[in-house]
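Shown next: data-v2.txt, containing compact mmCIF, C-alpha atoms.
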```txt
# COMPACT_ATOMS: atom_id res chain seq x y z
CA MET Y 1 26.27 11.65 -3.79
CA ILE Y 2 24.91 8.80 -5.91
CA GLU Y 3 21.89 9.23 -8.20
CA THR Y 4 19.66 6.58 -9.74
CA VAL Y 5 17.86 6.93 -13.06
CA THR Y 6 15.43 4.19 -14.08
CA VAL Y 7 14.89 3.19 -17.71
CA ASP Y 8 11.27 2.07 -17.68
CA LEU Y 9 10.77 -0.43 -20.50
CA PRO Y 10 8.04 -3.09 -20.26
CA GLY Y 11 9.58 -6.24 -18.80
CA ARG Y 12 13.11 -4.84 -19.04
CA VAL Y 13 13.33 -2.11 -16.42
CA TYR Y 14 16.90 -1.31 -15.40
CA ASP Y 15 18.74 1.24 -13.30
CA ILE Y 16 21.53 3.65 -14.13
CA ARG Y 17 23.63 4.35 -11.04
CA ILE Y 18 25.61 7.59 -11.22
CA GLY Y 19 28.29 8.96 -8.89
CA ALA Y 20 31.89 8.76 -7.74
CA GLY Y 21 32.76 5.29 -6.47
CA VAL Y 22 29.86 3.44 -8.12
CA LEU Y 23 32.31 0.90 -9.57
CA ALA Y 24 32.48 -0.69 -6.11
CA GLU Y 25 28.81 -1.70 -6.49
CA ALA Y 26 29.60 -3.93 -9.47
CA GLY Y 27 30.38 -7.01 -7.39
CA PRO Y 28 27.31 -7.15 -5.14
CA ARG Y 29 24.91 -5.99 -7.86
CA ILE Y 30 26.12 -8.48 -10.46
CA ALA Y 31 26.20 -11.29 -7.89
CA ALA Y 32 22.57 -10.53 -7.06
CA MET Y 33 21.58 -10.98 -10.72
CA GLY Y 34 22.20 -14.75 -10.64
CA GLY Y 35 23.78 -16.98 -13.26
CA ARG Y 36 27.13 -18.69 -12.95
CA LYS Y 37 29.66 -17.25 -10.53
CA HIS Y 38 31.95 -16.37 -13.42
CA VAL Y 39 31.84 -13.02 -15.21
CA ALA Y 40 33.27 -12.32 -18.69
CA ILE Y 41 34.56 -8.77 -19.12
CA ILE Y 42 35.25 -7.12 -22.47
CA THR Y 43 37.37 -3.99 -22.17
CA ASP Y 44 40.15 -2.16 -23.99
CA GLU Y 45 43.85 -2.08 -23.24
CA THR Y 46 43.84 1.48 -21.91
CA VAL Y 47 40.92 0.95 -19.52
CA ALA Y 48 42.32 -2.41 -18.45
CA GLY Y 49 45.58 -0.79 -17.40
CA LEU Y 50 43.81 1.88 -15.36
CA HIS Y 51 40.74 0.25 -13.83
CA LEU Y 52 40.43 -3.50 -14.49
CA GLN Y 53 41.97 -4.57 -11.19
CA ALA Y 54 39.46 -2.46 -9.24
CA LEU Y 55 36.56 -4.09 -11.12
CA GLN Y 56 37.90 -7.61 -10.63
CA ASP Y 57 38.52 -6.90 -6.94
CA THR Y 58 34.89 -5.91 -6.32
CA LEU Y 59 33.71 -9.00 -8.23
CA ALA Y 60 36.01 -11.25 -6.17
CA GLN Y 61 34.79 -9.71 -2.93
CA ALA Y 62 31.26 -10.70 -3.98
CA GLY Y 63 32.34 -14.31 -4.59
CA LEU Y 64 32.63 -14.05 -8.37
CA THR Y 65 35.50 -15.12 -10.59
CA SER Y 66 36.19 -13.17 -13.76
CA ALA Y 67 38.22 -13.14 -16.96
CA ALA Y 68 38.83 -10.20 -19.26
CA LEU Y 69 39.46 -9.69 -22.97
CA ALA Y 70 41.31 -6.41 -23.61
CA LEU Y 71 40.93 -5.12 -27.17
CA PRO Y 72 42.85 -2.27 -28.85
CA PRO Y 73 41.39 1.17 -28.05
CA GLY Y 74 39.85 3.28 -30.79
CA GLU Y 75 36.95 3.39 -33.25
CA ALA Y 76 38.61 0.85 -35.58
CA THR Y 77 37.84 -1.84 -32.99
CA LYS Y 78 34.11 -1.58 -33.83
CA SER Y 79 34.60 -3.99 -36.74
CA TRP Y 80 33.86 -7.53 -37.91
CA PRO Y 81 37.26 -8.96 -36.92
CA HIS Y 82 37.00 -7.73 -33.32
CA LEU Y 83 33.36 -8.78 -33.08
CA GLU Y 84 34.32 -12.28 -34.20
CA ARG Y 85 37.21 -12.32 -31.74
CA SER Y 86 34.92 -11.20 -28.91
CA VAL Y 87 32.20 -13.75 -29.62
CA SER Y 88 34.72 -16.57 -29.95
CA TRP Y 89 36.31 -15.56 -26.65
CA LEU Y 90 32.91 -15.47 -24.90
CA LEU Y 91 32.19 -18.96 -26.21
CA ASP Y 92 35.61 -20.07 -24.91
CA GLN Y 93 34.51 -18.67 -21.54
CA LYS Y 94 31.46 -20.97 -21.80
CA VAL Y 95 29.08 -18.05 -21.30
CA GLU Y 96 25.52 -19.34 -20.89
CA ARG Y 97 22.23 -17.55 -21.54
CA GLY Y 98 21.77 -16.85 -17.83
CA ASP Y 99 25.25 -15.36 -17.39
CA ILE Y 100 26.45 -11.77 -17.36
CA VAL Y 101 28.80 -10.14 -19.84
CA VAL Y 102 30.34 -6.85 -18.70
CA ALA Y 103 31.14 -4.06 -21.16
CA PHE Y 104 33.86 -2.07 -19.40
CA GLY Y 105 35.07 0.92 -21.40
CA GLY Y 106 33.97 3.77 -23.59
CA GLY Y 107 31.39 3.83 -26.35
CA VAL Y 108 33.36 1.57 -28.67
CA ILE Y 109 33.56 -1.23 -26.11
CA GLY Y 110 29.96 -0.73 -25.00
CA ASP Y 111 28.66 -0.96 -28.58
CA LEU Y 112 30.86 -3.92 -29.51
CA ALA Y 113 30.41 -5.96 -26.31
CA GLY Y 114 26.68 -5.22 -26.28
CA PHE Y 115 26.34 -6.47 -29.85
CA ALA Y 116 28.36 -9.58 -29.00
CA ALA Y 117 26.00 -10.20 -26.06
CA ALA Y 118 22.99 -9.63 -28.34
CA ILE Y 119 24.00 -12.31 -30.84
CA LEU Y 120 25.65 -14.82 -28.49
CA ARG Y 121 23.23 -17.72 -27.91
CA ARG Y 122 20.52 -15.40 -29.33
CA GLY Y 123 21.01 -12.97 -26.50
CA VAL Y 124 22.71 -12.98 -23.09
CA ARG Y 125 22.46 -10.37 -20.37
CA PHE Y 126 25.08 -7.67 -20.10
CA VAL Y 127 26.06 -4.83 -17.78
CA GLN Y 128 27.38 -1.52 -19.03
CA ILE Y 129 30.17 0.08 -16.97
CA PRO Y 130 31.05 3.11 -19.11
CA THR Y 131 34.39 4.77 -18.43
CA SER Y 132 34.14 7.82 -20.72
CA LEU Y 133 31.88 10.85 -20.40
CA LEU Y 134 30.44 10.16 -23.85
CA ALA Y 135 29.51 6.61 -22.94
CA GLN Y 136 28.10 7.58 -19.54
CA VAL Y 137 25.68 10.13 -20.95
CA ASP Y 138 24.78 8.47 -24.21
CA SER Y 139 25.95 5.19 -25.70
CA SER Y 140 25.67 3.03 -22.55
CA VAL Y 141 21.96 3.82 -22.17
CA GLY Y 142 19.15 2.72 -24.45
CA GLY Y 143 20.29 -0.58 -25.91
CA LYS Y 144 21.80 0.48 -29.23
CA THR Y 145 24.69 -1.88 -30.00
CA GLY Y 146 26.68 -2.48 -33.15
CA ILE Y 147 29.75 -2.09 -35.30
CA ASN Y 148 30.81 0.06 -38.23
CA ALA Y 149 30.99 -0.92 -41.90
CA PRO Y 150 33.04 0.57 -44.74
CA HIS Y 151 29.73 2.07 -45.92
CA GLY Y 152 29.17 4.01 -42.71
CA LYS Y 153 28.99 4.10 -38.94
CA ASN Y 154 26.81 1.77 -36.84
CA LEU Y 155 25.15 0.18 -39.87
CA ILE Y 156 25.36 -3.34 -38.38
CA GLY Y 157 23.82 -3.91 -34.97
CA ALA Y 158 20.87 -4.73 -32.77
CA PHE Y 159 18.74 -3.25 -30.02
CA HIS Y 160 19.76 -5.10 -26.85
CA GLN Y 161 19.11 -3.41 -23.52
CA PRO Y 162 21.61 -3.76 -20.67
CA SER Y 163 20.47 -5.15 -17.33
CA LEU Y 164 22.32 -2.48 -15.35
CA VAL Y 165 24.43 0.63 -16.04
CA LEU Y 166 27.07 1.81 -13.55
CA CYS Y 167 28.40 5.31 -14.28
CA ASP Y 168 31.33 5.96 -11.95
CA THR Y 169 31.97 9.68 -12.47
CA GLY Y 170 35.25 9.35 -10.58
CA LEU Y 171 36.69 7.29 -13.44
CA LEU Y 172 36.43 10.35 -15.68
CA ASP Y 173 39.42 11.85 -13.83
CA THR Y 174 41.69 9.59 -15.89
CA LEU Y 175 40.42 10.90 -19.25
CA THR Y 176 42.56 13.21 -21.34
CA ARG Y 177 41.15 16.72 -21.67
CA ARG Y 178 40.36 16.02 -25.33
CA ASP Y 179 38.39 12.86 -24.51
CA PHE Y 180 36.51 14.61 -21.71
CA LEU Y 181 35.54 17.49 -24.00
CA ALA Y 182 34.56 15.08 -26.79
CA GLY Y 183 32.11 13.49 -24.36
CA TYR Y 184 30.76 16.92 -23.55
CA GLY Y 185 29.55 17.13 -27.17
CA GLU Y 186 26.86 14.60 -26.22
CA VAL Y 187 26.01 16.41 -22.95
CA VAL Y 188 25.36 19.76 -24.63
CA LYS Y 189 23.23 17.97 -27.23
CA TYR Y 190 20.60 17.18 -24.58
CA GLY Y 191 20.13 20.83 -23.68
CA LEU Y 192 19.97 21.80 -27.34
CA LEU Y 193 17.40 19.18 -28.29
CA GLY Y 194 14.92 19.40 -25.45
CA ASP Y 195 15.85 21.34 -22.31
CA ALA Y 196 16.72 25.01 -22.69
CA ALA Y 197 17.04 25.38 -18.89
CA PHE Y 198 19.70 22.64 -18.88
CA PHE Y 199 21.59 24.46 -21.63
CA ASP Y 200 21.42 27.64 -19.51
CA TRP Y 201 22.82 25.66 -16.56
CA LEU Y 202 25.60 24.25 -18.74
CA GLU Y 203 26.63 27.72 -19.89
CA GLY Y 204 27.19 28.67 -16.25
CA ASN Y 205 28.50 25.41 -14.80
CA ALA Y 206 30.03 23.18 -17.48
CA PRO Y 207 33.43 24.95 -17.58
CA GLN Y 208 33.98 23.77 -13.97
CA MET Y 209 32.75 20.22 -14.59
CA ALA Y 210 36.21 18.69 -14.88
CA ASP Y 211 36.97 19.69 -11.27
CA ASP Y 212 33.50 19.96 -9.69
CA MET Y 213 32.15 16.44 -8.96
CA ALA Y 214 28.67 17.67 -8.01
CA ALA Y 215 28.35 19.51 -11.34
CA ARG Y 216 29.64 16.44 -13.16
CA VAL Y 217 27.12 14.16 -11.47
CA HIS Y 218 24.28 16.57 -12.27
CA ALA Y 219 25.30 16.82 -15.93
CA VAL Y 220 25.49 13.03 -16.32
CA THR Y 221 22.25 12.50 -14.39
CA ARG Y 222 20.22 15.04 -16.37
CA SER Y 223 21.57 13.65 -19.66
CA CYS Y 224 20.63 10.10 -18.62
CA GLN Y 225 17.17 11.24 -17.45
CA MET Y 226 16.45 12.79 -20.82
CA LYS Y 227 17.69 9.76 -22.73
CA ALA Y 228 15.76 7.36 -20.47
CA GLU Y 229 12.53 9.32 -21.02
CA ILE Y 230 12.96 9.29 -24.80
CA VAL Y 231 13.96 5.60 -24.95
CA ALA Y 232 10.92 4.65 -22.83
CA ARG Y 233 8.67 6.40 -25.37
CA ASP Y 234 10.41 5.08 -28.48
CA GLU Y 235 12.83 2.20 -27.93
CA THR Y 236 13.53 1.33 -31.57
CA GLU Y 237 13.64 4.86 -33.04
CA GLN Y 238 10.33 5.01 -34.85
CA GLY Y 239 9.75 8.61 -33.78
CA ASP Y 240 10.99 10.68 -30.83
CA ARG Y 241 14.23 8.75 -30.35
CA ALA Y 242 15.55 10.22 -33.60
CA LEU Y 243 15.86 13.53 -31.70
CA LEU Y 244 18.88 12.03 -29.96
CA ASN Y 245 20.62 12.19 -33.34
CA LEU Y 246 20.83 16.00 -33.27
CA GLY Y 247 24.12 16.83 -34.98
CA HIS Y 248 24.77 13.20 -35.94
CA THR Y 249 23.84 13.36 -39.64
CA PHE Y 250 26.62 15.88 -40.21
CA CYS Y 251 28.85 14.12 -37.68
CA HIS Y 252 28.69 10.70 -39.30
CA ALA Y 253 29.60 12.15 -42.70
CA LEU Y 254 32.60 13.93 -41.18
CA GLU Y 255 33.65 10.76 -39.34
CA ALA Y 256 33.48 8.77 -42.58
CA ALA Y 257 35.46 11.48 -44.39
CA THR Y 258 38.20 11.28 -41.75
CA GLY Y 259 38.27 7.48 -41.81
CA TYR Y 260 36.90 7.05 -38.26
CA SER Y 261 40.32 8.10 -37.04
CA ASP Y 262 41.70 10.24 -34.22
CA ARG Y 263 41.45 13.22 -36.53
CA LEU Y 264 37.88 13.55 -35.32
CA LEU Y 265 36.50 11.95 -32.17
CA HIS Y 266 32.78 11.12 -32.20
CA GLY Y 267 31.83 13.73 -29.61
CA GLU Y 268 33.81 16.39 -31.47
CA GLY Y 269 31.84 15.53 -34.59
CA VAL Y 270 28.58 15.77 -32.64
CA ALA Y 271 29.50 19.26 -31.40
CA ILE Y 272 30.39 20.45 -34.91
CA GLY Y 273 27.25 18.73 -36.22
CA CYS Y 274 25.04 20.52 -33.66
CA ALA Y 275 26.51 23.87 -34.72
CA LEU Y 276 25.84 23.00 -38.38
CA ALA Y 277 22.28 21.82 -37.59
CA PHE Y 278 21.53 25.16 -35.90
CA GLU Y 279 23.11 27.04 -38.80
CA LEU Y 280 20.90 25.12 -41.22
CA SER Y 281 17.86 25.77 -39.02
CA SER Y 282 18.63 29.48 -38.98
CA ARG Y 283 18.97 29.65 -42.77
CA LEU Y 284 15.61 27.90 -43.08
CA GLY Y 285 14.12 30.61 -40.87
CA LEU Y 286 13.26 28.13 -38.11
CA CYS Y 287 15.25 29.79 -35.36
CA SER Y 288 16.87 33.15 -34.79
CA GLN Y 289 20.31 33.95 -36.13
CA GLU Y 290 21.46 34.37 -32.53
CA ASP Y 291 20.88 30.68 -31.70
CA PRO Y 292 23.70 29.20 -33.81
CA SER Y 293 25.98 31.98 -32.57
CA ARG Y 294 25.13 31.10 -28.97
CA VAL Y 295 25.78 27.40 -29.60
CA ARG Y 296 29.14 28.13 -31.19
CA ALA Y 297 30.11 30.60 -28.47
CA HIS Y 298 29.45 28.03 -25.73
CA LEU Y 299 31.38 25.27 -27.50
CA ALA Y 300 34.26 27.69 -28.05
CA ALA Y 301 34.18 28.71 -24.37
CA MET Y 302 34.56 25.04 -23.47
CA GLY Y 303 37.64 24.84 -25.69
CA MET Y 304 35.98 22.47 -28.16
CA LYS Y 305 36.09 22.05 -31.91
CA VAL Y 306 33.34 24.26 -33.31
CA ASP Y 307 33.92 24.28 -37.07
CA VAL Y 308 34.72 21.88 -39.86
CA ALA Y 309 37.84 24.05 -40.24
CA ASN Y 310 39.04 22.82 -36.81
CA ILE Y 311 39.49 19.29 -38.20
CA GLU Y 312 43.11 18.59 -39.12
CA GLY Y 313 43.98 17.49 -42.64
CA ALA Y 314 42.22 17.63 -45.98
CA LEU Y 315 38.49 17.06 -46.29
CA PRO Y 316 36.40 16.19 -49.36
CA ASP Y 317 34.19 18.80 -51.01
CA ALA Y 318 30.61 19.56 -50.02
CA GLU Y 319 29.12 17.27 -52.70
CA THR Y 320 31.12 14.32 -51.38
CA LEU Y 321 30.13 15.06 -47.79
CA LEU Y 322 26.47 15.21 -48.82
CA GLY Y 323 26.91 11.81 -50.47
CA LEU Y 324 28.36 10.42 -47.25
CA MET Y 325 25.33 11.76 -45.39
CA GLY Y 326 23.21 9.63 -47.70
CA GLN Y 327 24.68 6.49 -46.10
CA ASP Y 328 23.33 7.52 -42.70
CA LYS Y 329 20.91 5.18 -40.91
CA LYS Y 330 18.37 7.99 -40.77
CA VAL Y 331 17.68 7.79 -44.51
CA VAL Y 332 14.02 6.86 -45.11
CA ASP Y 333 12.80 6.10 -48.63
CA GLY Y 334 15.99 7.62 -49.96
CA GLN Y 335 15.39 10.90 -48.10
CA LEU Y 336 17.70 12.19 -45.40
CA ARG Y 337 16.04 12.95 -42.09
CA PHE Y 338 17.47 15.97 -40.34
CA ILE Y 339 17.08 16.96 -36.72
CA LEU Y 340 16.59 20.72 -36.83
CA ALA Y 341 15.56 23.24 -34.18
CA ARG Y 342 13.03 26.02 -33.72
CA GLY Y 343 15.27 27.32 -30.97
CA ILE Y 344 17.51 26.06 -28.20
CA GLY Y 345 15.69 23.18 -26.49
CA ALA Y 346 13.19 22.79 -29.36
CA ALA Y 347 14.45 20.17 -31.82
CA PHE Y 348 12.29 18.23 -34.27
CA VAL Y 349 12.71 15.69 -37.08
CA THR Y 350 12.09 16.53 -40.73
CA SER Y 351 12.87 15.29 -44.23
CA ASP Y 352 11.83 18.57 -45.82
CA VAL Y 353 15.27 20.12 -46.30
CA PRO Y 354 16.45 21.35 -49.71
CA SER Y 355 19.71 19.63 -50.59
CA ASP Y 356 21.08 22.81 -52.19
CA LEU Y 357 20.80 24.57 -48.83
CA VAL Y 358 22.62 21.73 -47.07
CA LEU Y 359 25.31 21.97 -49.75
CA ALA Y 360 25.60 25.71 -49.15
CA VAL Y 361 26.01 25.23 -45.39
CA LEU Y 362 28.69 22.58 -45.94
CA ASP Y 363 30.45 24.63 -48.61
CA ASP Y 364 30.56 27.73 -46.40
CA ALA Y 365 31.88 25.62 -43.50
CA LEU Y 366 34.65 24.19 -45.70
CA ARG Y 367 35.64 27.68 -46.90
CA LYS Y 368 36.28 29.03 -43.40
CA PRO Y 369 39.94 29.63 -42.52
CA ARG Y 370 41.64 26.49 -41.19
CA GLY Y 371 42.74 26.30 -37.60
```
In structure tokens, how does this file's structure come out?
Amino acid sequence: MIETVTVDLPGRVYDIRIGAGVLAEAGPRIAAMGGRKHVAIITDETVAGLHLQALQDTLAQAGLTSAALALPPGEATKSWPHLERSVSWLLDQKVERGDIVVAFGGGVIGDLAGFAAAILRRGVRFVQIPTSLLAQVDSSVGGKTGINAPHGKNLIGAFHQPSLVLCDTGLLDTLTRRDFLAGYGEVVKYGLLGDAAFFDWLEGNAPQMADDMAARVHAVTRSCQMKAEIVARDETEQGDRALLNLGHTFCHALEAATGYSDRLLHGEGVAIGCALAFELSSRLGLCSQEDPSRVRAHLAAMGMKVDVANIEGALPDAETLLGLMGQDKKVVDGQLRFILARGIGAAFVTSDVPSDLVLAVLDDALRKPRG
């Protein structure tokens, strides 16, 4: 079962192909896009060891040669040194404006390789082949590319849409349980922000998703459909697209506080951030007190991190975390924009949030027993 979701942007329409075995389409589909018969692949060392040969085999069968740059895995790779290394390597590969760069990996590789493609020769085409659940449902779609700075996450980047996205859900079998669940933080976000029926479906079906391919394909497809619809309405995040940042304002502060390390994976931070956003919404009287409890119960049932207290190691105090939130990209005229909710499936964007209430939510979260 292979699904197709179309991202309908004027002059830059592209397809997202979703299903087990979709990687085999890479060769014929990339060959059909034209350009030189040589493809430059940016990946990471872990993905290269597991899947690179399969990708290069399908390219070769379509008459294409290829070369790959394998970077270290992990969030620290989204940095100036690795961007410079990637761009220099692409220039060594003599990539031309009509050629194709392939981003083959999780969200880190997709963001980094996409940004390299955006700035190389003022923009070359690229194909996203995401290998993590998080990348398949979120970061590979919509054209956000970039790297991190010491000041915060994703503060340097560009909007650069891919020409094709291939989501092979079979590749997710090689993820660790922790990485799979971290990606699920982005899946559940879609139900919470705009589709209560999808959240209902996830409550009943998501626990089986690791073993049930049909459920996995549906979850990825519905997530991509929702993102494609929002991106088509608001490509550069002037309005609706900010909804996709549900949980991210809290998440990015927690990621900065943990040094973008393995102490907290991005999707884990999103899940904790969604729980905090619903807690804040409840305290503002926007949604019922049962909603944050339901969110936390589902995340707990999935075996995920639910609380700030689930993060290993020391964390800064609430005032410091609030300061880190101030470095978020969603700050407008010095005011933080929050994505809050009037209920499950009913998120909205606002700047009208008292900072003392945010502090109280963070302080209470930090005071919970560790574990």
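Closest approach to Asp234 in chain Y from the set Y:Leu286, Y:Gly143, Y:Leu193, Y:Gly106 is made by Y:Gly143, with distances taken over all atoms listed in the file.
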I'd like the neighbourhood of range 129-137 of chain Y as an NGL selection string, where a residue qualifies if any of its atoms comes within 9 Å (using only C-alpha atoms), though same-chain residues fewer than 6 positions away should be ignored. :Y and (18 or 23 or 26 or 47 or 102-110 or 164-169 or 171-172 or 175 or 179-187 or 219-224 or 227 or 266-267)
Between CA of Phe198 in chain Y and CA of Gly170 in chain Y, measure the distance and give it in Å to one decimal.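 Atom-to-atom, CA of Phe198 in chain Y to CA of Gly170 in chain Y, that is 22.1 Å.
By chain and then residue number, the residues within 6 Å of range 4-6 of chain Y are Y:Asp8, Y:Tyr14, Y:Asp15, Y:Ile16, Y:Arg17, counting all atoms listed in the file and disregarding those fewer than 2 positions away in sequence.
From CA of Ala24 in chain Y back to CA of Leu9 in chain Y, the distance works out to 26.0 Å.
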Taking only C-alpha atoms into account, which of Y:Arg342, Y:Arg121, Y:Arg177, Y:Lys37 comes nearest Ser281 in chain Y?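 Closest to Ser281 in chain Y, using only C-alpha atoms: Y:Arg342.
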Exercise: range 204-209 of chain Y partners within 9 Å, all atoms listed in the file, chain neighbours under 4 positions left out, as a VMD selection string: chain Y and resid 184 199 to 200 213 to 217 219 301 to 302
For a test of reading the model, state the distance in Å between CA of Leu321 in chain Y and CA of Asn154 in chain Y, rounded to one decimal.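 Value for the CA of Leu321 in chain Y-CA of Asn154 in chain Y distance: 17.5 Å.
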